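File shown: final.pdb (PDB, C-alpha atoms).
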```
MODEL        1
ATOM      1  CA  MET A  10      50.731  -3.441 -48.360
ATOM      2  CA  THR A  11      47.925  -0.874 -48.584
ATOM      3  CA  GLU A  12      45.246  -1.630 -51.128
ATOM      4  CA  GLN A  13      44.357   1.004 -53.714
ATOM      5  CA  PRO A  14      40.712   1.095 -54.852
ATOM      6  CA  ASP A  15      41.413   0.242 -58.511
ATOM      7  CA  ARG A  16      44.356  -2.066 -57.763
ATOM      8  CA  PRO A  17      43.677  -5.801 -58.276
ATOM      9  CA  ASP A  18      44.244  -7.987 -55.227
ATOM     10  CA  ASP A  19      46.985 -10.633 -55.068
ATOM     11  CA  SER A  20      44.680 -13.582 -55.815
ATOM     12  CA  THR A  21      43.465 -11.815 -58.990
ATOM     13  CA  LEU A  22      47.075 -11.110 -60.019
ATOM     14  CA  MET A  23      48.056 -14.753 -59.471
ATOM     15  CA  ALA A  24      45.064 -15.919 -61.519
ATOM     16  CA  TYR A  25      46.193 -13.507 -64.320
ATOM     17  CA  VAL A  26      49.756 -14.934 -64.237
ATOM     18  CA  ARG A  27      48.404 -18.500 -64.522
ATOM     19  CA  GLY A  28      46.022 -17.481 -67.311
ATOM     20  CA  ASP A  29      42.881 -18.345 -65.341
ATOM     21  CA  LEU A  30      41.117 -14.936 -65.710
ATOM     22  CA  PRO A  31      38.351 -14.232 -68.259
ATOM     23  CA  PRO A  32      39.420 -11.821 -71.035
ATOM     24  CA  ASP A  33      37.629  -8.737 -69.630
ATOM     25  CA  ALA A  34      39.210  -9.238 -66.128
ATOM     26  CA  ALA A  35      42.625  -9.861 -67.747
ATOM     27  CA  ALA A  36      42.280  -6.579 -69.701
ATOM     28  CA  GLU A  37      41.507  -4.771 -66.419
ATOM     29  CA  VAL A  38      44.685  -6.205 -64.797
ATOM     30  CA  GLU A  39      46.779  -5.172 -67.840
ATOM     31  CA  ARG A  40      45.369  -1.614 -67.668
ATOM     32  CA  ALA A  41      46.228  -1.450 -63.908
ATOM     33  CA  ALA A  42      49.764  -2.696 -64.676
ATOM     34  CA  ARG A  43      50.277   0.082 -67.240
ATOM     35  CA  GLU A  44      49.014   2.780 -64.864
ATOM     36  CA  GLN A  45      50.636   1.521 -61.637
ATOM     37  CA  PRO A  46      54.277   0.405 -61.628
ATOM     38  CA  ALA A  47      53.756  -1.474 -58.336
ATOM     39  CA  VAL A  48      51.139  -3.735 -59.970
ATOM     40  CA  ALA A  49      53.521  -4.416 -62.888
ATOM     41  CA  GLY A  50      56.266  -5.284 -60.361
ATOM     42  CA  ASP A  51      53.966  -7.683 -58.486
ATOM     43  CA  ILE A  52      53.035  -9.425 -61.765
ATOM     44  CA  ALA A  53      56.726  -9.796 -62.675
ATOM     45  CA  LEU A  54      57.509 -11.202 -59.239
ATOM     46  CA  MET A  55      54.648 -13.710 -59.430
ATOM     47  CA  ARG A  56      55.728 -14.846 -62.925
ATOM     48  CA  GLY A  57      59.258 -15.383 -61.616
ATOM     49  CA  LEU A  58      57.935 -17.472 -58.734
ATOM     50  CA  VAL A  59      55.786 -19.589 -61.044
ATOM     51  CA  ARG A  60      58.764 -20.219 -63.386
ATOM     52  CA  ALA A  61      61.056 -21.077 -60.458
ATOM     53  CA  ARG A  62      58.475 -23.453 -59.034
ATOM     54  CA  ALA A  63      58.050 -25.159 -62.409
ATOM     55  CA  ALA A  64      61.829 -25.518 -62.829
ATOM     56  CA  ALA A  65      62.430 -26.892 -59.335
ATOM     57  CA  PRO A  66      62.397 -30.651 -58.848
ATOM     58  CA  SER A  67      59.312 -32.024 -57.155
ATOM     59  CA  THR A  68      59.669 -32.125 -53.401
ATOM     60  CA  ALA A  69      56.275 -33.620 -52.719
ATOM     61  CA  PRO A  70      56.493 -36.241 -50.011
ATOM     62  CA  GLY A  71      54.579 -38.894 -51.958
ATOM     63  CA  GLU A  72      52.756 -41.803 -50.384
ATOM     64  CA  LEU A  73      55.585 -42.769 -48.019
ATOM     65  CA  GLY A  74      55.970 -39.175 -46.850
ATOM     66  CA  TRP A  75      52.241 -38.867 -46.123
ATOM     67  CA  ALA A  76      52.273 -42.170 -44.252
ATOM     68  CA  ARG A  77      55.254 -41.015 -42.146
ATOM     69  CA  LEU A  78      53.543 -37.668 -41.436
ATOM     70  CA  SER A  79      50.333 -39.450 -40.399
ATOM     71  CA  ARG A  80      52.251 -41.695 -37.997
ATOM     72  CA  ALA A  81      53.993 -38.655 -36.483
ATOM     73  CA  ILE A  82      50.673 -36.861 -35.965
ATOM     74  CA  ASP A  83      49.126 -39.982 -34.398
ATOM     75  CA  ALA A  84      52.144 -40.358 -32.100
ATOM     76  CA  GLU A  85      51.770 -36.764 -30.888
ATOM     77  CA  ALA A  86      48.075 -37.266 -30.213
ATOM     78  CA  ALA A  87      48.635 -40.480 -28.219
ATOM     79  CA  PRO A  88      48.959 -40.017 -24.439
ATOM     80  CA  VAL A  89      52.517 -40.216 -23.181
ATOM     81  CA  ARG A  90      53.086 -42.884 -20.540
ATOM     82  CA  GLN A  91      55.420 -41.877 -17.793
ATOM     83  CA  PRO A  92      57.928 -44.559 -16.936
ATOM     84  CA  ARG A  93      57.367 -46.144 -13.545
ATOM     85  CA  ARG A  94      59.913 -45.196 -10.971
ATOM     86  CA  ASN A  95      61.705 -47.945  -9.212
ATOM     87  CA  TRP A  96      61.766 -46.875  -5.576
ATOM     88  CA  ARG A  97      63.508 -49.994  -4.339
ATOM     89  CA  PRO A  98      67.114 -48.678  -4.670
ATOM     90  CA  LEU A  99      66.174 -45.428  -2.927
ATOM     91  CA  MET A 100      64.485 -47.285  -0.081
ATOM     92  CA  GLN A 101      67.539 -49.527   0.318
ATOM     93  CA  ILE A 102      69.805 -46.484   0.561
ATOM     94  CA  ALA A 103      67.498 -44.861   3.128
ATOM     95  CA  ALA A 104      67.341 -48.051   5.214
ATOM     96  CA  THR A 105      71.132 -48.381   5.116
ATOM     97  CA  ALA A 106      71.522 -44.775   6.289
ATOM     98  CA  VAL A 107      69.101 -45.313   9.195
ATOM     99  CA  ILE A 108      70.934 -48.456  10.286
ATOM    100  CA  ALA A 109      74.315 -46.699  10.057
ATOM    101  CA  VAL A 110      73.114 -43.810  12.236
ATOM    102  CA  GLY A 111      71.638 -46.246  14.771
ATOM    103  CA  VAL A 112      74.866 -48.255  14.980
ATOM    104  CA  TRP A 113      76.880 -45.037  15.357
ATOM    105  CA  GLN A 114      74.728 -43.775  18.214
ATOM    106  CA  LEU A 115      74.503 -47.069  20.063
ATOM    107  CA  ALA A 116      77.990 -48.505  19.518
ATOM    108  CA  VAL A 117      80.433 -45.687  18.752
ATOM    109  CA  VAL A 118      79.217 -42.642  20.701
ATOM    110  CA  PRO A 119      79.415 -44.329  24.141
ATOM    111  CA  MET A 120      83.057 -45.268  23.395
ATOM    112  CA  LEU A 121      84.095 -41.699  22.561
ATOM    113  CA  PRO A 122      85.928 -39.704  25.256
ATOM    114  CA  GLY A 123      83.266 -38.295  27.500
ATOM    115  CA  GLY A 124      80.689 -40.649  25.963
ATOM    116  CA  GLY A 125      78.282 -42.536  28.157
ATOM    117  CA  GLY A 126      77.413 -41.589  31.688
ATOM    118  CA  ASP A 127      75.806 -38.226  32.371
ATOM    119  CA  VAL A 128      76.602 -36.513  29.108
ATOM    120  CA  TYR A 129      73.607 -34.206  29.131
ATOM    121  CA  VAL A 130      73.381 -31.354  31.634
ATOM    122  CA  PRO A 131      71.013 -28.395  31.579
ATOM    123  CA  ALA A 132      72.403 -25.339  29.835
ATOM    124  CA  THR A 133      71.775 -23.258  32.951
ATOM    125  CA  GLY A 134      73.559 -25.709  35.223
ATOM    126  CA  THR A 135      72.022 -28.062  37.712
ATOM    127  CA  THR A 136      68.707 -27.258  39.309
ATOM    128  CA  GLU A 137      69.607 -28.822  42.656
ATOM    129  CA  GLY A 138      69.093 -26.389  45.476
ATOM    130  CA  ALA A 139      66.793 -24.167  43.456
ATOM    131  CA  VAL A 140      64.170 -21.984  45.045
ATOM    132  CA  ILE A 141      60.667 -21.666  43.580
ATOM    133  CA  VAL A 142      59.122 -18.209  44.085
ATOM    134  CA  ALA A 143      55.724 -16.659  43.361
ATOM    135  CA  PHE A 144      55.990 -12.881  43.330
ATOM    136  CA  ALA A 145      53.105 -10.701  44.531
ATOM    137  CA  PRO A 146      50.818  -9.528  41.698
ATOM    138  CA  ASP A 147      51.355  -5.869  42.595
ATOM    139  CA  ALA A 148      55.182  -6.146  42.842
ATOM    140  CA  THR A 149      56.938  -4.005  40.245
ATOM    141  CA  GLU A 150      59.728  -5.187  37.988
ATOM    142  CA  ALA A 151      62.145  -2.785  39.661
ATOM    143  CA  GLN A 152      61.335  -4.147  43.157
ATOM    144  CA  ILE A 153      61.832  -7.737  42.000
ATOM    145  CA  ARG A 154      65.122  -6.912  40.194
ATOM    146  CA  ASP A 155      66.504  -5.064  43.249
ATOM    147  CA  LEU A 156      65.592  -7.953  45.547
ATOM    148  CA  LEU A 157      67.236 -10.537  43.285
ATOM    149  CA  GLN A 158      70.430  -8.441  43.069
ATOM    150  CA  GLU A 159      70.550  -8.038  46.873
ATOM    151  CA  ILE A 160      70.368 -11.780  47.526
ATOM    152  CA  GLY A 161      72.568 -12.777  44.539
ATOM    153  CA  ALA A 162      69.871 -14.922  42.881
ATOM    154  CA  THR A 163      69.735 -15.820  39.202
ATOM    155  CA  VAL A 164      66.472 -16.584  37.392
ATOM    156  CA  THR A 165      66.868 -20.005  35.761
ATOM    157  CA  ASP A 166      63.265 -20.606  34.734
ATOM    158  CA  GLY A 167      59.925 -18.920  34.629
ATOM    159  CA  PRO A 168      57.448 -17.669  34.802
ATOM    160  CA  SER A 169      55.508 -20.914  34.527
ATOM    161  CA  ALA A 170      51.825 -21.083  33.667
ATOM    162  CA  LEU A 171      51.115 -20.598  37.369
ATOM    163  CA  GLY A 172      53.450 -17.585  37.624
ATOM    164  CA  LEU A 173      56.236 -19.464  39.419
ATOM    165  CA  TRP A 174      59.908 -18.504  38.989
ATOM    166  CA  THR A 175      62.912 -20.763  39.625
ATOM    167  CA  LEU A 176      65.931 -19.068  41.233
ATOM    168  CA  SER A 177      69.426 -20.449  41.734
ATOM    169  CA  PHE A 178      72.366 -19.262  43.814
ATOM    170  CA  ALA A 179      76.164 -19.461  43.517
ATOM    171  CA  ASP A 180      76.566 -21.615  46.617
ATOM    172  CA  GLU A 181      74.643 -23.092  49.544
ATOM    173  CA  GLY A 182      75.461 -20.200  51.910
ATOM    174  CA  ARG A 183      73.963 -17.623  49.530
ATOM    175  CA  ARG A 184      70.972 -19.892  49.008
ATOM    176  CA  THR A 185      70.260 -20.052  52.754
ATOM    177  CA  GLU A 186      70.598 -16.267  53.132
ATOM    178  CA  GLY A 187      68.493 -15.677  49.995
ATOM    179  CA  LEU A 188      65.752 -18.020  51.202
ATOM    180  CA  THR A 189      65.526 -16.142  54.528
ATOM    181  CA  ARG A 190      65.425 -12.739  52.770
ATOM    182  CA  LEU A 191      62.746 -13.948  50.272
ATOM    183  CA  GLN A 192      60.535 -15.180  53.140
ATOM    184  CA  ALA A 193      60.873 -11.779  54.837
ATOM    185  CA  ALA A 194      59.956  -9.756  51.677
ATOM    186  CA  THR A 195      56.210 -10.055  52.191
ATOM    187  CA  GLY A 196      55.254  -7.091  50.007
ATOM    188  CA  ILE A 197      57.164  -8.460  46.986
ATOM    189  CA  VAL A 198      57.059 -12.251  47.433
ATOM    190  CA  GLU A 199      53.803 -14.150  47.770
ATOM    191  CA  SER A 200      55.258 -17.634  48.414
ATOM    192  CA  VAL A 201      58.688 -19.359  48.566
ATOM    193  CA  GLN A 202      59.497 -23.039  48.341
ATOM    194  CA  ALA A 203      62.971 -24.546  48.674
ATOM    195  CA  ASP A 204      63.658 -27.363  46.214
TER
ENDMDL
END
```

structure tokens encoding of this file:
Amino acid sequence: MTEQPDRPDDSTLMAYVRGDLPPDAAAEVERAAREQPAVAGDIALMRGLVRARAAAPSTAPGELGWARLSRAIDAEAAPVRQPRRNWRPLMQIAATAVIAVGVWQLAVVPMLPGGGGDVYVPATGTTEGAVIVAFAPDATEAQIRDLLQEIGATVTDGPSALGLWTLSFADEGRRTEGLTRLQAATGIVESVQAD
């Protein structure tokens, strides 16, 4: 609400309604009420509130209410203790799971069809009969690719930290021919070693 310069403020109006103002201040409020309908409306509203408050039963909390409120405030101010977690059941479940996996791997997996024996093989096949090659530093990628296609070699590993490549062949005959051709390609191959 915007204040007008000659309009009394709300605390002055409430003091007028209660009868707490000196006579000259009360006369000033009455003059403002005659001149400004909004002031007269505020006074009427405040009188209605005072009458309603006086007619309403007391809802004061009393001594017991204040004591209960004090306890609630103290309880909010007290630090909240977190309940301790009991890790024992979780650890028992974890230990049971580890034992079950161990029993499965040691007792059941070897009994499965295909279990036991040489179950694991390299994804690229066996490396028996492989040829280890070091290509010349000035050999181009195109020269190396053409040579590998001519001899039917497949790169199965490399280059290693030393620049060595592992080549494999479809069969022993191709391997023997490929090894001879690699040893003869002096401009492209620096060294060859049969595995």

Distance query 8 Å from (54.0, -17.4, -63.0) using only C-alpha atoms, result as number ranges by chain: A: 23, 26-27, 55-60

Residues returned when the PyMOL selection byres ((chain A and resi 48-52) around 9) runs on this file, as a list in words: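 With the PyMOL selection byres ((chain A and resi 48-52) around 9) on this model, the match is Arg16, Pro17, Asp19, Leu22, Met23, Tyr25, Val26, Val38, Glu39, Ala41, Ala42, Arg43, Glu44, Gln45, Pro46, Ala47, Ala53, Leu54, Met55, Arg56 and Gly57 of chain A.
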
Pick from A:Val110, A:Ala103, A:Leu171, A:Ile197, whichever lies nearest to Thr149 in chain A using only C-alpha atoms: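 Nearest to Thr149 in chain A: A:Ile197.
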
Ground truth for the PyMOL selection byres ((chain A and resi 141) around 12), written as a ChimeraX atom specification: /A:136-140,142-144,162-169,171-178,184,187-188,191-192,198-204

Dump as an mmCIF file, in the coordinates of the input, selection limited to C-alpha atoms:
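Listing of result_32.cif after writing:
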```cif
data_model
loop_
_atom_site.group_PDB
_atom_site.id
_atom_site.type_symbol
_atom_site.label_atom_id
_atom_site.label_comp_id
_atom_site.auth_asym_id
_atom_site.auth_seq_id
_atom_site.Cartn_x
_atom_site.Cartn_y
_atom_site.Cartn_z
ATOM 1 C CA THR A 136 68.707 -27.258 39.309
ATOM 2 C CA GLU A 137 69.607 -28.822 42.656
ATOM 3 C CA GLY A 138 69.093 -26.389 45.476
ATOM 4 C CA ALA A 139 66.793 -24.167 43.456
ATOM 5 C CA VAL A 140 64.170 -21.984 45.045
ATOM 6 C CA VAL A 142 59.122 -18.209 44.085
ATOM 7 C CA ALA A 143 55.724 -16.659 43.361
ATOM 8 C CA PHE A 144 55.990 -12.881 43.330
ATOM 9 C CA ALA A 162 69.871 -14.922 42.881
ATOM 10 C CA THR A 163 69.735 -15.820 39.202
ATOM 11 C CA VAL A 164 66.472 -16.584 37.392
ATOM 12 C CA THR A 165 66.868 -20.005 35.761
ATOM 13 C CA ASP A 166 63.265 -20.606 34.734
ATOM 14 C CA GLY A 167 59.925 -18.920 34.629
ATOM 15 C CA PRO A 168 57.448 -17.669 34.802
ATOM 16 C CA SER A 169 55.508 -20.914 34.527
ATOM 17 C CA LEU A 171 51.115 -20.598 37.369
ATOM 18 C CA GLY A 172 53.450 -17.585 37.624
ATOM 19 C CA LEU A 173 56.236 -19.464 39.419
ATOM 20 C CA TRP A 174 59.908 -18.504 38.989
ATOM 21 C CA THR A 175 62.912 -20.763 39.625
ATOM 22 C CA LEU A 176 65.931 -19.068 41.233
ATOM 23 C CA SER A 177 69.426 -20.449 41.734
ATOM 24 C CA PHE A 178 72.366 -19.262 43.814
ATOM 25 C CA ARG A 184 70.972 -19.892 49.008
ATOM 26 C CA GLY A 187 68.493 -15.677 49.995
ATOM 27 C CA LEU A 188 65.752 -18.020 51.202
ATOM 28 C CA LEU A 191 62.746 -13.948 50.272
ATOM 29 C CA GLN A 192 60.535 -15.180 53.140
ATOM 30 C CA VAL A 198 57.059 -12.251 47.433
ATOM 31 C CA GLU A 199 53.803 -14.150 47.770
ATOM 32 C CA SER A 200 55.258 -17.634 48.414
ATOM 33 C CA VAL A 201 58.688 -19.359 48.566
ATOM 34 C CA GLN A 202 59.497 -23.039 48.341
ATOM 35 C CA ALA A 203 62.971 -24.546 48.674
ATOM 36 C CA ASP A 204 63.658 -27.363 46.214
#
```

Straight-line distance linking CA of Asp147 in chain A with CA of Thr195 in chain A, stated in Å to one decimal: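 According to the coordinates, CA of Asp147 in chain A and CA of Thr195 in chain A are separated by 11.5 Å.
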
Once 4 Å is added on each side, what are the centre and the three edge lengths, in Å to one decimal, of the axis-aligned box enclosing the listed atoms of range 34-39 of chain A? Present them as lines of an AutoDock Vina configuration file.
```
center_x = 43.0
center_y = -7.3
center_z = -67.2
size_x = 15.6
size_y = 13.1
size_z = 12.9
```

Straight-line distance linking CA of Gln158 in chain A with CA of Ala145 in chain A, stated in Å to one decimal: 17.5 Å

Atomic separation - CA of Ile160 in chain A relative to CA of Thr185 in chain A, Å: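 Pair CA of Thr185 in chain A / CA of Ile160 in chain A returns 9.8 Å.
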
Closest of A:Leu99, A:Ala36, A:Leu156, A:Ala151 to Ala194 in chain A - atom-to-atom distances counting all atoms listed in the file: A:Leu156

Output range 88-112 of chain A with N, CA and C atoms present, as a PDB file, in the frame of the given file.
```pdb
ATOM      1  N   PRO A  88      48.498 -40.430 -25.764  1.00  0.00           N
ATOM      2  CA  PRO A  88      48.959 -40.017 -24.439  1.00  0.00           C
ATOM      3  C   PRO A  88      50.345 -40.595 -24.160  1.00  0.00           C
ATOM      4  N   VAL A  89      51.156 -39.794 -23.498  1.00  0.00           N
ATOM      5  CA  VAL A  89      52.517 -40.216 -23.181  1.00  0.00           C
ATOM      6  C   VAL A  89      52.504 -40.922 -21.829  1.00  0.00           C
ATOM      7  N   ARG A  90      53.010 -42.141 -21.799  1.00  0.00           N
ATOM      8  CA  ARG A  90      53.086 -42.884 -20.540  1.00  0.00           C
ATOM      9  C   ARG A  90      54.374 -42.523 -19.836  1.00  0.00           C
ATOM     10  N   GLN A  91      54.243 -42.166 -18.599  1.00  0.00           N
ATOM     11  CA  GLN A  91      55.420 -41.877 -17.793  1.00  0.00           C
ATOM     12  C   GLN A  91      56.023 -43.198 -17.323  1.00  0.00           C
ATOM     13  N   PRO A  92      57.318 -43.317 -17.412  1.00  0.00           N
ATOM     14  CA  PRO A  92      57.928 -44.559 -16.936  1.00  0.00           C
ATOM     15  C   PRO A  92      57.742 -44.685 -15.425  1.00  0.00           C
ATOM     16  N   ARG A  93      57.534 -45.899 -14.978  1.00  0.00           N
ATOM     17  CA  ARG A  93      57.367 -46.144 -13.545  1.00  0.00           C
ATOM     18  C   ARG A  93      58.708 -45.995 -12.857  1.00  0.00           C
ATOM     19  N   ARG A  94      58.678 -45.355 -11.727  1.00  0.00           N
ATOM     20  CA  ARG A  94      59.913 -45.196 -10.971  1.00  0.00           C
ATOM     21  C   ARG A  94      60.136 -46.427 -10.117  1.00  0.00           C
ATOM     22  N   ASN A  95      61.351 -46.821 -10.055  1.00  0.00           N
ATOM     23  CA  ASN A  95      61.705 -47.945  -9.212  1.00  0.00           C
ATOM     24  C   ASN A  95      62.239 -47.379  -7.901  1.00  0.00           C
ATOM     25  N   TRP A  96      61.425 -47.452  -6.866  1.00  0.00           N
ATOM     26  CA  TRP A  96      61.766 -46.875  -5.576  1.00  0.00           C
ATOM     27  C   TRP A  96      62.647 -47.801  -4.741  1.00  0.00           C
ATOM     28  N   ARG A  97      62.780 -49.024  -5.145  1.00  0.00           N
ATOM     29  CA  ARG A  97      63.508 -49.994  -4.339  1.00  0.00           C
ATOM     30  C   ARG A  97      64.943 -49.551  -4.035  1.00  0.00           C
ATOM     31  N   PRO A  98      65.746 -49.100  -5.015  1.00  0.00           N
ATOM     32  CA  PRO A  98      67.114 -48.678  -4.670  1.00  0.00           C
ATOM     33  C   PRO A  98      67.133 -47.499  -3.690  1.00  0.00           C
ATOM     34  N   LEU A  99      66.212 -46.561  -3.850  1.00  0.00           N
ATOM     35  CA  LEU A  99      66.174 -45.428  -2.927  1.00  0.00           C
ATOM     36  C   LEU A  99      65.811 -45.867  -1.511  1.00  0.00           C
ATOM     37  N   MET A 100      64.885 -46.793  -1.397  1.00  0.00           N
ATOM     38  CA  MET A 100      64.485 -47.285  -0.081  1.00  0.00           C
ATOM     39  C   MET A 100      65.632 -48.059   0.567  1.00  0.00           C
ATOM     40  N   GLN A 101      66.393 -48.799  -0.226  1.00  0.00           N
ATOM     41  CA  GLN A 101      67.539 -49.527   0.318  1.00  0.00           C
ATOM     42  C   GLN A 101      68.593 -48.560   0.841  1.00  0.00           C
ATOM     43  N   ILE A 102      68.829 -47.486   0.113  1.00  0.00           N
ATOM     44  CA  ILE A 102      69.805 -46.484   0.561  1.00  0.00           C
ATOM     45  C   ILE A 102      69.329 -45.831   1.852  1.00  0.00           C
ATOM     46  N   ALA A 103      68.038 -45.489   1.917  1.00  0.00           N
ATOM     47  CA  ALA A 103      67.498 -44.861   3.128  1.00  0.00           C
ATOM     48  C   ALA A 103      67.597 -45.802   4.321  1.00  0.00           C
ATOM     49  N   ALA A 104      67.271 -47.076   4.124  1.00  0.00           N
ATOM     50  CA  ALA A 104      67.341 -48.051   5.214  1.00  0.00           C
ATOM     51  C   ALA A 104      68.783 -48.222   5.682  1.00  0.00           C
ATOM     52  N   THR A 105      69.720 -48.253   4.758  1.00  0.00           N
ATOM     53  CA  THR A 105      71.132 -48.381   5.116  1.00  0.00           C
ATOM     54  C   THR A 105      71.587 -47.179   5.937  1.00  0.00           C
ATOM     55  N   ALA A 106      71.151 -45.985   5.550  1.00  0.00           N
ATOM     56  CA  ALA A 106      71.522 -44.775   6.289  1.00  0.00           C
ATOM     57  C   ALA A 106      70.954 -44.799   7.707  1.00  0.00           C
ATOM     58  N   VAL A 107      69.718 -45.245   7.867  1.00  0.00           N
ATOM     59  CA  VAL A 107      69.101 -45.313   9.195  1.00  0.00           C
ATOM     60  C   VAL A 107      69.847 -46.315  10.072  1.00  0.00           C
ATOM     61  N   ILE A 108      70.202 -47.441   9.516  1.00  0.00           N
ATOM     62  CA  ILE A 108      70.934 -48.456  10.286  1.00  0.00           C
ATOM     63  C   ILE A 108      72.307 -47.923  10.676  1.00  0.00           C
ATOM     64  N   ALA A 109      72.984 -47.231   9.759  1.00  0.00           N
ATOM     65  CA  ALA A 109      74.315 -46.699  10.057  1.00  0.00           C
ATOM     66  C   ALA A 109      74.249 -45.678  11.186  1.00  0.00           C
ATOM     67  N   VAL A 110      73.253 -44.802  11.167  1.00  0.00           N
ATOM     68  CA  VAL A 110      73.114 -43.810  12.236  1.00  0.00           C
ATOM     69  C   VAL A 110      72.820 -44.502  13.560  1.00  0.00           C
ATOM     70  N   GLY A 111      71.956 -45.517  13.543  1.00  0.00           N
ATOM     71  CA  GLY A 111      71.638 -46.246  14.771  1.00  0.00           C
ATOM     72  C   GLY A 111      72.858 -46.939  15.355  1.00  0.00           C
ATOM     73  N   VAL A 112      73.647 -47.587  14.508  1.00  0.00           N
ATOM     74  CA  VAL A 112      74.866 -48.255  14.980  1.00  0.00           C
ATOM     75  C   VAL A 112      75.835 -47.228  15.549  1.00  0.00           C
TER      76      VAL A 112
END
```
